[in-house]
>>> print(open('query04.txt').read())   # compact mmCIF, C-alpha atoms
# COMPACT_ATOMS: atom_id res chain seq x y z
CA MET A 1 138.14 30.75 96.41
CA LYS A 2 136.25 30.84 93.12
CA ARG A 3 133.06 31.42 95.06
CA LEU A 4 134.63 34.31 96.91
CA ILE A 5 135.75 35.94 93.63
CA TYR A 6 132.30 35.35 92.19
CA ARG A 7 130.69 36.98 95.25
CA GLN A 8 133.04 39.94 95.05
CA ARG A 9 132.21 40.41 91.36
CA ASN A 10 128.53 40.10 92.12
CA CYS A 11 128.87 42.68 94.84
CA LYS A 12 130.67 45.06 92.47
CA SER A 13 128.04 44.73 89.75
CA LEU A 14 125.31 45.20 92.34
CA SER A 15 126.87 48.43 93.58
CA VAL A 16 127.20 49.66 89.96
CA ILE A 17 123.50 48.92 89.40
CA ALA A 18 122.62 50.64 92.69
CA LEU A 19 124.66 53.68 91.72
CA PHE A 20 123.00 53.75 88.31
CA ILE A 21 119.53 53.53 89.87
CA PHE A 22 120.47 56.23 92.38
CA LEU A 23 121.62 58.55 89.56
CA LEU A 24 118.54 57.76 87.50
CA LEU A 25 116.26 58.52 90.44
CA GLY A 26 118.15 61.78 91.01
CA ILE A 27 117.63 62.84 87.40
CA VAL A 28 113.95 61.83 87.44
CA ASN A 29 113.50 63.68 90.71
CA SER A 30 115.12 66.90 89.48
CA VAL A 31 113.09 66.78 86.24
CA ALA A 32 109.94 66.26 88.30
CA VAL A 33 110.85 69.19 90.57
CA LEU A 34 111.44 71.44 87.56
CA ALA A 35 108.17 70.33 85.97
CA ALA A 36 106.33 70.98 89.24
CA GLU A 37 107.91 74.44 89.46
CA ASP A 38 106.74 75.18 85.91
CA ASP A 39 103.25 73.95 86.75
CA ASP A 40 103.15 76.15 89.85
CA TYR A 41 104.28 79.15 87.83
CA LEU A 42 101.66 78.51 85.17
CA LYS A 43 98.98 78.14 87.84
CA ALA A 44 100.05 81.40 89.48
CA ILE A 45 99.98 83.41 86.25
CA GLU A 46 96.65 81.94 85.21
CA MET A 47 95.16 82.84 88.60
CA GLU A 48 96.45 86.39 88.24
CA ILE A 49 94.66 86.89 84.90
CA ASP A 50 91.26 87.24 86.58
CA LYS A 51 92.43 90.50 88.11
CA VAL A 52 92.95 92.16 84.70
CA ASP A 53 90.31 94.33 83.03
CA ALA A 54 89.91 93.47 79.37
CA LYS A 55 90.03 96.97 77.94
CA PRO A 56 92.21 98.63 75.34
CA SER A 57 94.07 101.68 76.53
CA GLY A 58 96.02 104.65 75.34
CA GLY A 59 95.58 106.79 72.26
CA GLY A 60 93.93 105.30 69.24
CA ALA A 61 92.67 102.27 71.11
CA ALA A 62 89.65 100.71 69.48
CA SER A 63 86.90 99.50 71.73
CA GLU A 64 83.36 98.37 71.37
CA SER A 65 82.45 99.26 74.91
CA ALA A 66 80.33 102.20 75.98
CA GLY A 67 79.91 103.83 79.35
CA LYS A 68 76.81 104.29 81.46
CA GLY A 69 74.31 106.77 80.09
CA PHE A 70 75.26 106.32 76.43
CA SER A 71 74.21 104.03 73.62
CA SER A 72 76.90 101.59 72.64
CA GLY A 73 79.09 101.48 69.53
CA MET A 74 78.40 105.02 68.33
CA THR A 75 80.44 106.88 65.75
CA ILE A 76 81.69 110.34 66.72
CA GLU A 77 78.78 111.93 64.81
CA GLU A 78 76.23 109.74 66.60
CA PHE A 79 77.93 110.45 69.91
CA GLU A 80 77.67 114.21 69.29
CA GLU A 81 74.03 113.87 68.29
CA GLU A 82 73.19 111.94 71.42
CA LEU A 83 75.07 114.45 73.51
CA ALA A 84 73.07 117.28 71.89
CA THR A 85 69.71 115.61 72.47
CA LYS A 86 70.21 114.03 75.89
CA TYR A 87 72.78 116.25 77.56
CA THR A 88 72.24 119.72 76.10
CA GLY A 89 74.31 121.56 78.70
CA THR A 90 77.37 119.37 78.23
CA ALA A 91 76.90 119.54 74.46
CA ARG A 92 77.05 123.35 74.51
CA PHE A 93 80.45 123.32 76.20
CA TYR A 94 81.58 120.36 74.07
CA GLU A 95 80.82 122.35 70.90
CA LYS A 96 83.22 125.07 71.99
CA LEU A 97 86.16 122.69 72.32
CA PRO A 98 88.77 122.25 69.60
CA ARG A 99 88.22 119.23 67.33
CA ARG A 100 91.15 117.31 68.73
CA THR A 101 89.82 117.67 72.27
CA GLN A 102 86.39 116.55 71.08
CA GLN A 103 87.99 113.46 69.57
CA GLU A 104 89.81 112.83 72.83
CA ILE A 105 86.47 112.97 74.70
CA TYR A 106 84.88 110.66 72.17
CA GLN A 107 87.78 108.28 72.77
CA GLU A 108 87.01 108.40 76.50
CA TYR A 109 83.44 107.37 75.70
CA LYS A 110 84.75 104.51 73.55
CA ASP A 111 86.98 103.43 76.39
CA GLY A 112 83.91 103.11 78.58
CA ALA A 113 83.63 106.50 80.33
CA SER A 114 80.23 107.23 81.88
CA ILE A 115 78.26 110.43 81.25
CA SER A 116 79.45 111.91 84.53
CA GLU A 117 83.08 111.22 83.54
CA VAL A 118 82.48 112.71 80.08
CA ARG A 119 80.77 115.71 81.68
CA THR A 120 83.70 116.31 84.05
CA LYS A 121 86.16 115.98 81.21
CA VAL A 122 84.27 118.44 79.01
CA MET A 123 84.16 121.01 81.80
CA ASN A 124 87.83 120.50 82.68
CA ARG A 125 88.82 120.97 79.08
CA PHE A 126 86.55 123.98 78.69
CA LEU A 127 87.93 125.60 81.83
CA ARG A 128 91.43 124.36 80.85
CA ARG A 129 91.93 122.62 84.17
CA MET B 1 69.14 159.25 85.06
CA TRP B 2 72.94 159.80 85.00
CA ILE B 3 73.43 156.95 87.40
CA ARG B 4 71.40 154.60 85.13
CA ALA B 5 73.44 155.65 82.09
CA ILE B 6 76.75 155.02 83.89
CA GLY B 7 75.45 151.65 85.11
CA GLY B 8 74.44 150.67 81.58
CA LEU B 9 77.81 151.73 80.20
CA LEU B 10 79.65 149.66 82.84
CA SER B 11 77.50 146.59 82.06
CA LEU B 12 78.29 146.99 78.36
CA LEU B 13 82.03 147.26 79.09
CA LEU B 14 81.88 144.14 81.32
CA TRP B 15 80.03 142.20 78.62
CA ILE B 16 82.56 143.24 75.98
CA SER B 17 85.54 142.32 78.17
CA THR B 18 84.03 138.94 79.19
CA ASN B 19 83.37 138.06 75.56
CA SER B 20 86.84 139.08 74.48
CA VAL B 21 88.37 136.98 77.28
CA ILE B 22 86.30 133.96 76.19
CA ALA B 23 87.26 134.57 72.54
CA ALA B 24 90.93 134.81 73.50
CA GLU B 25 90.64 131.65 75.54
CA GLU B 26 88.99 129.77 72.69
CA GLU B 27 91.67 131.00 70.29
CA ALA B 28 94.38 129.85 72.67
CA GLU B 29 92.66 126.50 73.04
CA LEU B 30 92.42 126.11 69.27
CA LYS B 31 96.16 126.71 69.04
CA VAL B 32 96.71 124.03 71.67
CA GLY B 33 94.51 121.75 69.62
CA GLU B 34 96.66 122.39 66.59
CA GLY B 35 99.59 120.59 68.12
CA GLU B 36 101.42 122.82 70.58
CA ASP B 37 100.36 120.58 73.41
CA LEU B 38 100.61 117.28 71.56
CA ILE B 39 101.85 114.35 73.61
CA SER B 40 104.22 112.70 71.16
CA LEU B 41 105.75 109.25 71.22
CA TYR B 42 109.05 111.09 71.49
CA LYS B 43 110.47 114.38 70.23
CA GLY B 44 109.47 114.90 66.63
CA LYS B 45 107.45 111.68 66.44
CA PRO B 46 103.76 112.20 67.24
CA TYR B 47 102.62 108.71 66.29
CA LEU B 48 103.27 105.77 63.99
CA HIS B 49 101.29 103.06 62.27
CA VAL B 50 101.83 99.36 62.58
CA MET B 51 100.08 96.43 60.93
CA HIS B 52 98.10 94.17 63.22
CA ASP B 53 96.08 91.23 61.88
CA GLY B 54 96.03 92.80 58.42
CA ARG B 55 94.90 96.26 59.51
CA SER B 56 96.80 99.41 60.22
CA VAL B 57 96.80 100.53 63.86
CA LYS B 58 97.87 103.98 64.98
CA VAL B 59 100.29 103.82 67.88
CA GLU B 60 100.29 106.96 69.97
CA ARG B 61 100.26 108.16 73.53
CA THR B 62 96.99 109.15 75.08
CA GLN B 63 96.43 112.87 74.52
CA ASP B 64 94.85 113.26 77.92
CA PRO B 65 97.24 115.20 80.17
CA ASP B 66 95.26 113.93 83.17
CA TYR B 67 95.69 110.29 82.21
CA GLU B 68 96.48 108.04 85.12
CA LEU B 69 97.16 104.35 84.91
CA ARG B 70 94.38 102.40 86.58
CA GLY B 71 93.57 98.76 87.09
CA TYR B 72 95.83 95.74 87.24
CA PHE B 73 98.93 97.33 85.72
CA ALA B 74 98.82 100.20 88.22
CA LYS B 75 99.44 97.72 91.03
CA THR B 76 102.84 98.12 92.62
CA GLY B 77 102.95 94.94 94.64
CA ARG B 78 102.74 91.35 93.54
CA LYS B 79 103.55 88.22 95.43
CA CYS B 80 107.21 87.26 95.09
CA PRO B 81 107.78 84.50 94.16
CA PRO B 82 106.55 84.04 91.50
CA PHE B 83 106.14 87.71 90.45
CA CYS B 84 109.60 88.89 91.48
CA LEU B 85 111.37 91.87 89.94
CA ARG B 86 113.61 90.76 87.12
CA SER B 87 117.11 91.81 86.30
CA MET B 88 117.63 94.26 83.44
CA GLU B 89 119.11 91.50 81.37
CA VAL B 90 117.91 88.00 80.66
CA ASP B 91 121.27 86.95 79.32
CA PRO B 92 124.43 89.04 78.91
CA ARG B 93 124.32 88.38 75.16
CA VAL B 94 120.71 89.55 74.71
CA GLU B 95 120.01 93.26 74.46
CA THR B 96 117.30 94.79 76.63
CA VAL B 97 115.30 97.49 74.87
CA GLY B 98 112.94 100.33 75.78
CA GLU B 99 109.93 101.95 74.15
CA ILE B 100 111.84 104.08 71.61
CA GLU B 101 113.64 101.01 70.32
CA ILE B 102 110.25 99.30 70.01
CA PHE B 103 108.92 102.22 67.92
CA ASP B 104 111.98 102.02 65.72
CA PHE B 105 111.59 98.26 65.43
CA MET B 106 107.94 98.70 64.41
CA GLU B 107 108.92 101.15 61.70
CA HIS B 108 111.86 99.25 60.31
CA GLN B 109 112.31 95.55 60.99
CA MET B 110 108.58 94.83 61.26
CA ARG B 111 107.77 96.77 58.10
CA ASP B 112 110.44 95.16 56.00
CA GLY B 113 109.61 91.71 57.35
CA THR B 114 112.89 91.07 59.13
CA GLY B 115 111.54 91.36 62.64
CA LEU B 116 108.72 90.07 64.83
CA LEU B 117 107.30 91.49 68.02
CA ILE B 118 106.35 88.58 70.25
CA ASP B 119 103.86 88.63 73.06
CA ALA B 120 105.30 85.69 74.97
CA ARG B 121 102.44 85.50 77.46
CA THR B 122 99.89 82.71 77.69
CA PRO B 123 96.87 83.11 75.35
CA SER B 124 94.55 84.14 78.19
CA TRP B 125 96.82 87.12 78.97
CA HIS B 126 97.11 88.03 75.30
CA ALA B 127 93.31 88.02 75.00
CA LYS B 128 93.09 90.77 77.63
CA GLY B 129 94.92 93.21 75.40
CA THR B 130 98.22 93.44 73.60
CA ILE B 131 100.75 95.80 72.03
CA PRO B 132 99.79 96.51 68.40
CA GLY B 133 101.76 94.50 65.89
CA SER B 134 102.51 91.68 68.32
CA ILE B 135 101.94 88.04 67.61
CA ASN B 136 101.19 85.67 70.45
CA ILE B 137 103.61 82.81 70.90
CA PRO B 138 103.38 81.68 74.53
CA PHE B 139 106.59 81.02 76.43
CA THR B 140 105.32 77.49 77.09
CA GLU B 141 105.82 76.75 73.40
CA LEU B 142 109.20 78.43 73.15
CA THR B 143 110.69 76.50 76.05
CA LYS B 144 110.17 73.14 74.40
CA ASP B 145 112.98 70.98 73.13
CA ALA B 146 114.42 71.99 69.75
CA GLU B 147 113.28 68.63 68.41
CA ASP B 148 109.68 69.12 69.51
CA LEU B 149 107.35 69.57 66.53
CA GLU B 150 105.83 72.75 67.90
CA MET B 151 109.25 74.29 68.49
CA ILE B 152 110.39 73.18 65.01
CA GLU B 153 107.38 74.95 63.50
CA HIS B 154 108.13 78.13 65.44
CA LEU B 155 111.81 78.10 64.49
CA GLU B 156 110.89 77.65 60.83
CA PHE B 157 108.37 80.51 61.15
CA PHE B 158 111.19 82.69 62.51
CA GLY B 159 113.19 81.96 59.37
CA ALA B 160 115.51 79.24 60.65
CA LYS B 161 116.18 76.35 58.29
CA PRO B 162 116.65 72.72 59.32
CA ARG B 163 120.16 71.67 58.40
CA GLU B 164 120.83 68.63 56.33
CA GLU B 165 123.04 65.89 57.75
CA VAL B 166 126.41 67.45 58.50
CA GLY B 167 129.47 65.25 58.18
CA THR B 168 131.72 64.72 61.20
CA MET B 169 134.58 66.40 59.39
CA THR B 170 132.56 69.52 58.59
CA ARG B 171 131.27 69.67 62.15
CA LYS B 172 134.78 69.41 63.57
CA LEU B 173 136.09 72.05 61.17
CA GLU B 174 133.23 74.34 62.20
CA GLU B 175 133.94 73.69 65.86
CA TRP B 176 137.60 74.52 65.42
CA GLY B 177 136.75 77.66 63.51
CA VAL B 178 138.44 76.49 60.31
CA MET B 179 135.09 76.64 58.53
CA ASP B 180 132.80 79.57 59.19
CA ALA B 181 129.77 78.15 61.01
CA GLY B 182 128.07 81.56 61.12
CA HIS B 183 124.68 81.16 62.72
CA LYS B 184 124.58 77.41 62.26
CA THR B 185 124.12 74.71 64.85
CA GLU B 186 124.25 71.00 64.25
CA ASN B 187 120.58 70.88 63.25
CA TRP B 188 119.66 74.45 62.37
CA ASP B 189 120.81 77.23 60.11
CA PHE B 190 119.87 80.55 61.69
CA SER B 191 121.63 82.68 59.06
CA ASN B 192 118.40 84.25 57.77
CA CYS B 193 116.33 84.14 60.91
CA LYS B 194 114.31 87.14 61.99
CA GLU B 195 115.09 89.56 64.74
CA LEU B 196 112.72 88.95 67.64
CA VAL B 197 111.63 91.31 70.38
CA LEU B 198 109.96 89.44 73.21
CA TRP B 199 107.88 90.98 75.93
CA CYS B 200 105.36 90.04 78.63
CA ASN B 201 103.68 91.81 81.54
CA GLY B 202 106.57 93.94 82.73
CA PRO B 203 109.57 94.03 85.03
CA SER B 204 108.13 91.40 87.38
CA CYS B 205 107.07 88.99 84.65
CA GLY B 206 109.04 85.86 83.91
CA GLN B 207 107.24 84.73 80.78
CA SER B 208 109.36 86.43 78.11
CA PRO B 209 112.66 85.76 79.94
CA ARG B 210 111.75 82.06 79.90
CA ALA B 211 110.93 82.24 76.20
CA ILE B 212 114.28 83.91 75.49
CA GLN B 213 116.13 81.26 77.46
CA GLY B 214 114.26 78.55 75.55
CA LEU B 215 115.23 80.10 72.22
CA LEU B 216 118.85 80.44 73.30
CA GLU B 217 118.89 76.78 74.27
CA ALA B 218 117.54 75.93 70.82
CA GLY B 219 120.54 77.77 69.36
CA TYR B 220 118.82 81.01 68.30
CA PRO B 221 121.51 83.67 67.81
CA PRO B 222 121.47 85.96 70.88
CA GLU B 223 122.14 89.06 68.78
CA LYS B 224 118.83 88.42 67.02
CA LEU B 225 116.91 88.43 70.30
CA LYS B 226 115.78 91.51 72.21
CA TYR B 227 114.06 91.74 75.56
CA TYR B 228 111.51 94.48 76.19
CA ARG B 229 111.54 94.44 79.98
CA GLY B 230 108.96 97.21 80.41
CA GLY B 231 106.30 95.04 78.82
CA MET B 232 102.61 95.73 79.13
CA GLN B 233 102.94 97.56 82.44
CA VAL B 234 105.36 100.26 81.28
CA TRP B 235 103.68 100.44 77.85
CA GLN B 236 100.40 101.31 79.55
CA LEU B 237 102.09 103.60 82.06
CA PHE B 238 103.04 105.88 79.18
CA GLY B 239 99.48 105.78 77.83
CA LEU B 240 100.51 103.94 74.70
CA THR B 241 97.94 102.27 72.45
CA THR B 242 96.93 98.73 73.29
CA ILE B 243 94.41 96.68 71.38
CA MET B 244 92.14 93.76 71.93
CA PRO B 245 93.07 90.78 69.73
CA GLU B 246 90.32 89.84 67.30
CA SER B 247 90.18 86.14 68.06
>>> encode(input="query04.txt", output="structure tokens")
Amino acid sequence: MKRLIYRQRNCKSLSVIALFIFLLLGIVNSVAVLAAEDDDYLKAIEMEIDKVDAKPSGGGAASESAGKGFSSGMTIEEFEEELATKYTGTARFYEKLPRRTQQEIYQEYKDGASISEVRTKVMNRFLRR
Amino acid sequence: MWIRAIGGLLSLLLWISTNSVIAAEEEAELKVGEGEDLISLYKGKPYLHVMHDGRSVKVERTQDPDYELRGYFAKTGRKCPPFCLRSMEVDPRVETVGEIEIFDFMEHQMRDGTGLLIDARTPSWHAKGTIPGSINIPFTELTKDAEDLEMIEHLEFFGAKPREEVGTMTRKLEEWGVMDAGHKTENWDFSNCKELVLWCNGPSCGQSPRAIQGLLEAGYPPEKLKYYRGGMQVWQLFGLTTIMPES
């Protein structure tokens, strides 16, 4: 009889331990799933980064880049001088533009615009297109 | 002879009219340049300045009427998941803000030191360009446990103060509302913490929502958190200034 009671008790404590282990495994598993999800998300966003161009944008953006056909890192005065010496035709139309438009074109150069893009912009502004 | 004279007169008239048209055009263009055609941040606000890494940065919209968004942020489709469109709100208690609120925040809370604009993206994203005035605190650091050293440092940087041992009685009285707990949790006093605006890549970005949830879990008062859902994508869509971080 005593043995039977002892066995029953043993059985009970074993099932409590099993339940505890089951719960513990469940928690560990869900934490692992969450961690894996976070890892996957981090991987995905880090993979996406390669598709982004590193370039400032918008008004007032400061950039050290320069487009094709121009020297790099020029001030607006240097930019105008280079325009006047290398691209006389464009410079003549550029000179006729209001100062603010000239600054806008200089900004385009700073943002990496090529000479052909600058040329198109100057003509569009001159012809008010 | 008469024919030559008439021809000469006509050429002169044509020259005069062409020149006057050009002069009128230039005058009109000058007027445009003086501000009639200015693309302002919003009505009556052409631009503003914000401090970034110790220097003043002018925040404005691009003045190019032909500006079109190009590159990564012009993309309309991204794989979902993980880049799924997000709800307008991260949490019902956290306000979602737009660009005008950001401008206002830059001019008030950020200037008087009571607010921080947080680029919650990972450092590699931040390095590709950011909104002026933002500081980079990646969401990975703001989702850590409130007892994690890194999180503790961030919370202290935001103006939260670690709370000294609170007695059981005080805690119970605070729980029952007998004592005013204000912005206090068991371990932190958020009474003087800063207002934070968190942003990431835009409406399909989950980085800042995760950071906000992490801060809420740490006990940060929801009314001191704002979510700029538009993020980098909408900021650039409006041709607003972005800058390259120095480091």
>>> interface_residues(input="query04.txt", of="chain B", to="chain A", cutoff="8 Å", atoms="only C-alpha atoms", output="list in words")
Glu26, Glu29, Leu30, Gly33, Glu34, Val57, Lys58, Val59, Glu60, Arg61, Thr62, Gln63, Asp64, Gly71, Tyr72, Phe73, Pro82, Ser124, Trp125, Ala127, Lys128, Gly129, Gln236, Gly239, Leu240, Thr241, Thr242, Ile243 and Met244 of chain B
>>> atom_distance(input="query04.txt", atom1="atom CA of Gly77 of chain B", atom2="atom CA of Gly202 of chain B")
12.5 Å
>>> residues_around(input="query04.txt", residues="segment 83-88 of chain A", least_positions_apart="6", cutoff="12 Å", atoms="all atoms listed in the file", output="JSON, numbers by chain")
{"A": [69, 70, 71, 74, 76, 77, 94, 95, 102, 105, 106, 109, 115, 116, 118, 119, 122]}
>>> write_last_selection(input="query04.txt", atoms="C-alpha atoms", output="tab-separated table (two decimals), in the frame of the given file")
chain	number	residue	atom	x	y	z
A	69	GLY	CA	74.31	106.77	80.09
A	70	PHE	CA	75.26	106.32	76.43
A	71	SER	CA	74.21	104.03	73.62
A	74	MET	CA	78.40	105.02	68.33
A	76	ILE	CA	81.69	110.34	66.72
A	77	GLU	CA	78.78	111.93	64.81
A	94	TYR	CA	81.58	120.36	74.07
A	95	GLU	CA	80.82	122.35	70.90
A	102	GLN	CA	86.39	116.55	71.08
A	105	ILE	CA	86.47	112.97	74.70
A	106	TYR	CA	84.88	110.66	72.17
A	109	TYR	CA	83.44	107.37	75.70
A	115	ILE	CA	78.26	110.43	81.25
A	116	SER	CA	79.45	111.91	84.53
A	118	VAL	CA	82.48	112.71	80.08
A	119	ARG	CA	80.77	115.71	81.68
A	122	VAL	CA	84.27	118.44	79.01
>>> residues_around(input="query04.txt", residues="Asp53 of chain B", least_positions_apart="6", cutoff="9 Å", atoms="all atoms listed in the file", output="VMD selection string")
chain B and resid 133 135 245 to 246
>>> write_last_selection(input="query04.txt", atoms="C-alpha atoms", output="PDB file, keeping the file's coordinate frame")
ATOM      1  CA  GLY B 133     101.760  94.500  65.890  1.00  0.00           C
ATOM      2  CA  ILE B 135     101.940  88.040  67.610  1.00  0.00           C
ATOM      3  CA  PRO B 245      93.070  90.780  69.730  1.00  0.00           C
ATOM      4  CA  GLU B 246      90.320  89.840  67.300  1.00  0.00           C
TER       5      GLU B 246
END
>>> atom_distance(input="query04.txt", atom1="atom CA of Glu195 of chain B", atom2="atom CA of Ile100 of chain B")
16.4 Å
>>> atom_distance(input="query04.txt", atom1="atom CA of Asp189 of chain B", atom2="atom CA of Glu165 of chain B")
11.8 Å
>>> closest_residue(input="query04.txt", among="B:Arg78, B:His108, B:Lys184, B:Lys144", to="Arg163 of chain B", atoms="all atoms listed in the file")
B:Lys184
